[in-house]
Amino acid sequence: MRPIAWMLSALVSAWVFASARRRGLRLYAVMLWTLSTLLLPLVVLPIYLIVNVRLRSRERDGQTLSARKTSTEAQASNRAWTTRIVWPALYLILVLGLMALYFYRDYRSLDAHLWRANNAKLRGPHEKVIAEYRAALQLEDDPHTHKLLAIELAAAGRAEEALLEFRAAERGGEPDPQLPFYMGLALDAMGRAPEAISEYKRFTDGPACTQVLPAASCTTARDRIAAIKTNPAIK
């Protein structure tokens, strides 16, 4: 809705630009009305319409001589194309072009990708979330984004890719103490039991499991270690 609102503001502003020039206002007054309408259309447009009505009333009162009126109309007709069409059209094209450039850059910004990823978590498939996180990482190599991407990859069943992203997050300095647990789950899903045990132990020996109130995932990690060790089919 924001681009649509700005586009409507640009259209209204271009109309005010054409109207103010047709009324013969000074250049600074034309620019003031035009830019004010662009920024605050709901406030400035009603004021301009009131002023416009008063200007029309003064024009009707001032046109007492038919010769003067004819001369004024002749001069106005010579400038009609430029005043009513060309300059307002050029202004509108310029403003819409600048708006399109701004919204294009904003759409491809880091914050926009992260926002769309968070929004897609609520209603979209994992692939949409993964694509947005990858796009965000192309703009900024952030360890936390690597971790978020890895979690989505793991949820989508892509354990090998998830493991690479978890390791990238750890190398980047991601402070989450559960990273070894996540990597253990990924290795476990890939059937790499010895490496999974190593990551699970690193996690259970870490601060998340040695604090007064350990994380719930500590029990899961210990259970997986015991299950792997007692299962003869797992090597």
# chains A, B, ... in the order shown; residues from 1 in each chain; ligands from 1
$ residues_around --residues "Leu25 (chain A)" --least-positions-apart "5" --cutoff "12 Å" --atoms "only C-alpha atoms" --output "PyMOL selection string"
chain A and resi 16-20+30-34+51-52+55+83
$ residues_around --residues "Met7 (chain A)" --least-positions-apart "2" --cutoff "10 Å" --atoms "only C-alpha atoms" --output "ChimeraX atom specification"
/A:1-5,9-13,38,92,95-96,99-100
$ write_last_selection --atoms "N, CA and C atoms" --output "compact mmCIF listing (two decimals), in the first residue's frame"
# COMPACT_ATOMS: atom_id res chain seq x y z
N MET A 1 0.81 -1.21 0.00
CA MET A 1 0.00 0.00 0.00
C MET A 1 0.84 1.26 0.00
N ARG A 2 2.05 1.19 0.54
CA ARG A 2 2.87 2.40 0.62
C ARG A 2 3.25 2.93 -0.76
N PRO A 3 3.71 2.09 -1.71
CA PRO A 3 3.98 2.61 -3.05
C PRO A 3 2.74 3.20 -3.72
N ILE A 4 1.57 2.58 -3.52
CA ILE A 4 0.35 3.09 -4.11
C ILE A 4 0.00 4.46 -3.54
N ALA A 5 0.17 4.61 -2.22
CA ALA A 5 -0.12 5.91 -1.59
C ALA A 5 0.80 7.00 -2.12
N SER A 9 -0.10 10.37 -4.29
CA SER A 9 0.40 11.68 -3.87
C SER A 9 1.11 12.38 -5.02
N ALA A 10 1.87 11.62 -5.81
CA ALA A 10 2.57 12.21 -6.96
C ALA A 10 1.58 12.72 -8.00
N LEU A 11 0.52 11.97 -8.25
CA LEU A 11 -0.50 12.40 -9.22
C LEU A 11 -1.19 13.68 -8.76
N VAL A 12 -1.56 13.72 -7.49
CA VAL A 12 -2.20 14.92 -6.95
C VAL A 12 -1.24 16.10 -6.98
N SER A 13 0.01 15.85 -6.65
CA SER A 13 1.01 16.92 -6.66
C SER A 13 1.21 17.47 -8.07
N LEU A 38 2.88 16.93 -2.26
CA LEU A 38 3.52 15.62 -2.40
C LEU A 38 3.76 14.99 -1.04
N LEU A 92 5.91 14.80 -13.14
CA LEU A 92 5.34 13.53 -12.69
C LEU A 92 6.27 12.37 -13.03
N VAL A 95 9.26 12.44 -10.56
CA VAL A 95 8.90 12.01 -9.21
C VAL A 95 8.62 10.51 -9.18
N LEU A 96 7.87 10.01 -10.15
CA LEU A 96 7.58 8.58 -10.18
C LEU A 96 8.85 7.76 -10.40
N MET A 99 10.68 7.65 -7.12
CA MET A 99 9.98 6.75 -6.21
C MET A 99 10.24 5.29 -6.59
N ALA A 100 10.18 4.98 -7.88
CA ALA A 100 10.42 3.61 -8.32
C ALA A 100 11.83 3.16 -7.95
$ select_by_dssp --residues "chain A" --states "helix (DSSP H, G or I)" --output "number ranges by chain"
A: 2-22, 27-39, 41-62, 66-107, 110-123, 126-139, 143-155, 159-171, 179-189, 193-204, 207-210, 216-230
$ residues_around --residues "region 188-191 of chain A" --least-positions-apart "2" --cutoff "10 Å" --atoms "only C-alpha atoms" --output "PDB file with N, CA and C atoms, in the first residue's frame"
ATOM      1  N   ALA A 154      17.396 -27.233   8.054  1.00  0.00           N
ATOM      2  CA  ALA A 154      17.192 -28.453   8.836  1.00  0.00           C
ATOM      3  C   ALA A 154      15.714 -28.825   8.889  1.00  0.00           C
ATOM      4  N   GLY A 157      14.578 -30.635   5.924  1.00  0.00           N
ATOM      5  CA  GLY A 157      15.184 -31.936   5.689  1.00  0.00           C
ATOM      6  C   GLY A 157      16.481 -31.890   4.912  1.00  0.00           C
ATOM      7  N   ARG A 158      17.088 -30.721   4.801  1.00  0.00           N
ATOM      8  CA  ARG A 158      18.346 -30.572   4.066  1.00  0.00           C
ATOM      9  C   ARG A 158      19.488 -30.466   5.073  1.00  0.00           C
ATOM     10  N   ALA A 159      19.782 -31.620   5.701  1.00  0.00           N
ATOM     11  CA  ALA A 159      20.705 -31.643   6.832  1.00  0.00           C
ATOM     12  C   ALA A 159      22.124 -31.243   6.435  1.00  0.00           C
ATOM     13  N   GLU A 160      22.578 -31.675   5.294  1.00  0.00           N
ATOM     14  CA  GLU A 160      23.961 -31.381   4.904  1.00  0.00           C
ATOM     15  C   GLU A 160      24.169 -29.887   4.703  1.00  0.00           C
ATOM     16  N   LEU A 163      24.131 -28.172   8.100  1.00  0.00           N
ATOM     17  CA  LEU A 163      25.391 -28.323   8.831  1.00  0.00           C
ATOM     18  C   LEU A 163      26.422 -27.286   8.370  1.00  0.00           C
ATOM     19  N   TYR A 182      22.516 -28.177  17.524  1.00  0.00           N
ATOM     20  CA  TYR A 182      21.965 -28.154  16.168  1.00  0.00           C
ATOM     21  C   TYR A 182      22.848 -28.948  15.202  1.00  0.00           C
ATOM     22  N   MET A 183      24.153 -28.788  15.332  1.00  0.00           N
ATOM     23  CA  MET A 183      25.062 -29.525  14.453  1.00  0.00           C
ATOM     24  C   MET A 183      24.997 -31.023  14.749  1.00  0.00           C
ATOM     25  N   GLY A 184      24.817 -31.371  16.016  1.00  0.00           N
ATOM     26  CA  GLY A 184      24.655 -32.781  16.362  1.00  0.00           C
ATOM     27  C   GLY A 184      23.413 -33.369  15.725  1.00  0.00           C
ATOM     28  N   LEU A 185      22.316 -32.614  15.726  1.00  0.00           N
ATOM     29  CA  LEU A 185      21.094 -33.093  15.088  1.00  0.00           C
ATOM     30  C   LEU A 185      21.296 -33.281  13.594  1.00  0.00           C
ATOM     31  N   ALA A 186      21.986 -32.341  12.961  1.00  0.00           N
ATOM     32  CA  ALA A 186      22.225 -32.450  11.524  1.00  0.00           C
ATOM     33  C   ALA A 186      23.086 -33.674  11.205  1.00  0.00           C
ATOM     34  N   ALA A 193      27.145 -40.874  13.072  1.00  0.00           N
ATOM     35  CA  ALA A 193      26.959 -41.032  14.513  1.00  0.00           C
ATOM     36  C   ALA A 193      28.151 -40.571  15.342  1.00  0.00           C
ATOM     37  N   PRO A 194      29.399 -40.975  15.052  1.00  0.00           N
ATOM     38  CA  PRO A 194      30.524 -40.531  15.906  1.00  0.00           C
ATOM     39  C   PRO A 194      30.662 -39.010  15.978  1.00  0.00           C
ATOM     40  N   GLU A 195      30.485 -38.351  14.832  1.00  0.00           N
ATOM     41  CA  GLU A 195      30.582 -36.888  14.836  1.00  0.00           C
ATOM     42  C   GLU A 195      29.410 -36.271  15.597  1.00  0.00           C
ATOM     43  N   ALA A 196      28.241 -36.915  15.473  1.00  0.00           N
ATOM     44  CA  ALA A 196      27.076 -36.405  16.199  1.00  0.00           C
ATOM     45  C   ALA A 196      27.295 -36.490  17.702  1.00  0.00           C
ATOM     46  N   ILE A 197      27.851 -37.621  18.172  1.00  0.00           N
ATOM     47  CA  ILE A 197      28.137 -37.775  19.598  1.00  0.00           C
ATOM     48  C   ILE A 197      29.110 -36.691  20.062  1.00  0.00           C
ATOM     49  N   GLU A 199      29.510 -33.681  18.891  1.00  0.00           N
ATOM     50  CA  GLU A 199      28.822 -32.384  19.003  1.00  0.00           C
ATOM     51  C   GLU A 199      27.852 -32.378  20.175  1.00  0.00           C
ATOM     52  N   TYR A 200      27.155 -33.500  20.387  1.00  0.00           N
ATOM     53  CA  TYR A 200      26.238 -33.579  21.526  1.00  0.00           C
ATOM     54  C   TYR A 200      27.006 -33.401  22.839  1.00  0.00           C
ATOM     55  N   ARG A 224      20.124 -38.894  23.048  1.00  0.00           N
ATOM     56  CA  ARG A 224      20.647 -39.329  21.755  1.00  0.00           C
ATOM     57  C   ARG A 224      22.029 -39.975  21.901  1.00  0.00           C
ATOM     58  N   ILE A 228      22.621 -43.802  20.719  1.00  0.00           N
ATOM     59  CA  ILE A 228      23.617 -44.159  19.710  1.00  0.00           C
ATOM     60  C   ILE A 228      24.599 -45.191  20.253  1.00  0.00           C
ATOM     61  N   ILE A 234      24.359 -48.837  14.926  1.00  0.00           N
ATOM     62  CA  ILE A 234      24.926 -47.536  14.671  1.00  0.00           C
ATOM     63  C   ILE A 234      26.413 -47.594  14.985  1.00  0.00           C
ATOM     64  N   LYS A 235      27.198 -47.213  14.030  1.00  0.00           N
ATOM     65  CA  LYS A 235      28.653 -47.217  14.229  1.00  0.00           C
ATOM     66  C   LYS A 235      29.181 -45.812  14.006  1.00  0.00           C
TER      67      LYS A 235
END
$ residues_around --residues "region 107-119 of chain A" --least-positions-apart "3" --cutoff "7 Å" --atoms "only C-alpha atoms" --output "number ranges by chain"
A: 103-104, 122, 129, 132-133, 135-136, 139
$ residues_around --residues "Leu148 (chain A)" --least-positions-apart "4" --cutoff "9 Å" --atoms "only C-alpha atoms" --output "list in words"
Ile130, Tyr133, Pro143, His144, Glu152, Leu153, Glu165 and Phe166 of chain A
$ closest_residue --among "A:Asp205, A:Ala131, A:Ser198, A:Gly24" --to "Ile225 (chain A)" --atoms "only C-alpha atoms"
A:Ser198
$ decode --residues "region 10-30 of chain A" --atoms "N, CA and C atoms" --output "short mmCIF file (atom, residue, chain, number, x, y, z; two decimals), in the first residue's frame"
data_model
loop_
_atom_site.label_atom_id
_atom_site.label_comp_id
_atom_site.auth_asym_id
_atom_site.auth_seq_id
_atom_site.Cartn_x
_atom_site.Cartn_y
_atom_site.Cartn_z
N ALA A 10 1.87 11.62 -5.81
CA ALA A 10 2.57 12.21 -6.96
C ALA A 10 1.58 12.72 -8.00
N LEU A 11 0.52 11.97 -8.25
CA LEU A 11 -0.50 12.40 -9.22
C LEU A 11 -1.19 13.68 -8.76
N VAL A 12 -1.56 13.72 -7.49
CA VAL A 12 -2.20 14.92 -6.95
C VAL A 12 -1.24 16.10 -6.98
N SER A 13 0.01 15.85 -6.65
CA SER A 13 1.01 16.92 -6.66
C SER A 13 1.21 17.47 -8.07
N ALA A 14 1.21 16.59 -9.08
CA ALA A 14 1.35 17.05 -10.46
C ALA A 14 0.16 17.89 -10.88
N TRP A 15 -1.03 17.52 -10.44
CA TRP A 15 -2.21 18.33 -10.74
C TRP A 15 -2.10 19.71 -10.11
N VAL A 16 -1.65 19.77 -8.86
CA VAL A 16 -1.47 21.06 -8.19
C VAL A 16 -0.42 21.89 -8.91
N PHE A 17 0.65 21.22 -9.37
CA PHE A 17 1.69 21.92 -10.12
C PHE A 17 1.11 22.59 -11.37
N ALA A 18 0.33 21.82 -12.13
CA ALA A 18 -0.28 22.38 -13.34
C ALA A 18 -1.27 23.49 -13.01
N SER A 19 -2.07 23.28 -11.97
CA SER A 19 -3.07 24.28 -11.59
C SER A 19 -2.41 25.58 -11.11
N ALA A 20 -1.37 25.45 -10.30
CA ALA A 20 -0.71 26.65 -9.78
C ALA A 20 -0.05 27.45 -10.90
N ARG A 21 0.55 26.77 -11.87
CA ARG A 21 1.15 27.47 -13.01
C ARG A 21 0.07 28.14 -13.86
N ARG A 22 -1.06 27.48 -14.03
CA ARG A 22 -2.14 28.06 -14.81
C ARG A 22 -2.71 29.31 -14.14
N ARG A 23 -2.64 29.33 -12.80
CA ARG A 23 -3.12 30.50 -12.08
C ARG A 23 -2.12 31.65 -12.10
N GLY A 24 -0.93 31.39 -12.62
CA GLY A 24 0.06 32.46 -12.73
C GLY A 24 0.78 32.77 -11.43
N LEU A 25 0.86 31.79 -10.52
CA LEU A 25 1.57 32.03 -9.26
C LEU A 25 3.07 32.11 -9.52
N ARG A 26 3.76 32.76 -8.61
CA ARG A 26 5.21 32.86 -8.73
C ARG A 26 5.84 31.48 -8.59
N LEU A 27 7.09 31.36 -9.10
CA LEU A 27 7.73 30.05 -9.14
C LEU A 27 7.89 29.46 -7.74
N TYR A 28 8.29 30.29 -6.77
CA TYR A 28 8.48 29.75 -5.42
C TYR A 28 7.16 29.28 -4.82
N ALA A 29 6.06 29.97 -5.15
CA ALA A 29 4.75 29.56 -4.64
C ALA A 29 4.31 28.25 -5.30
N VAL A 30 4.60 28.13 -6.61
CA VAL A 30 4.25 26.89 -7.32
C VAL A 30 4.99 25.71 -6.70
#
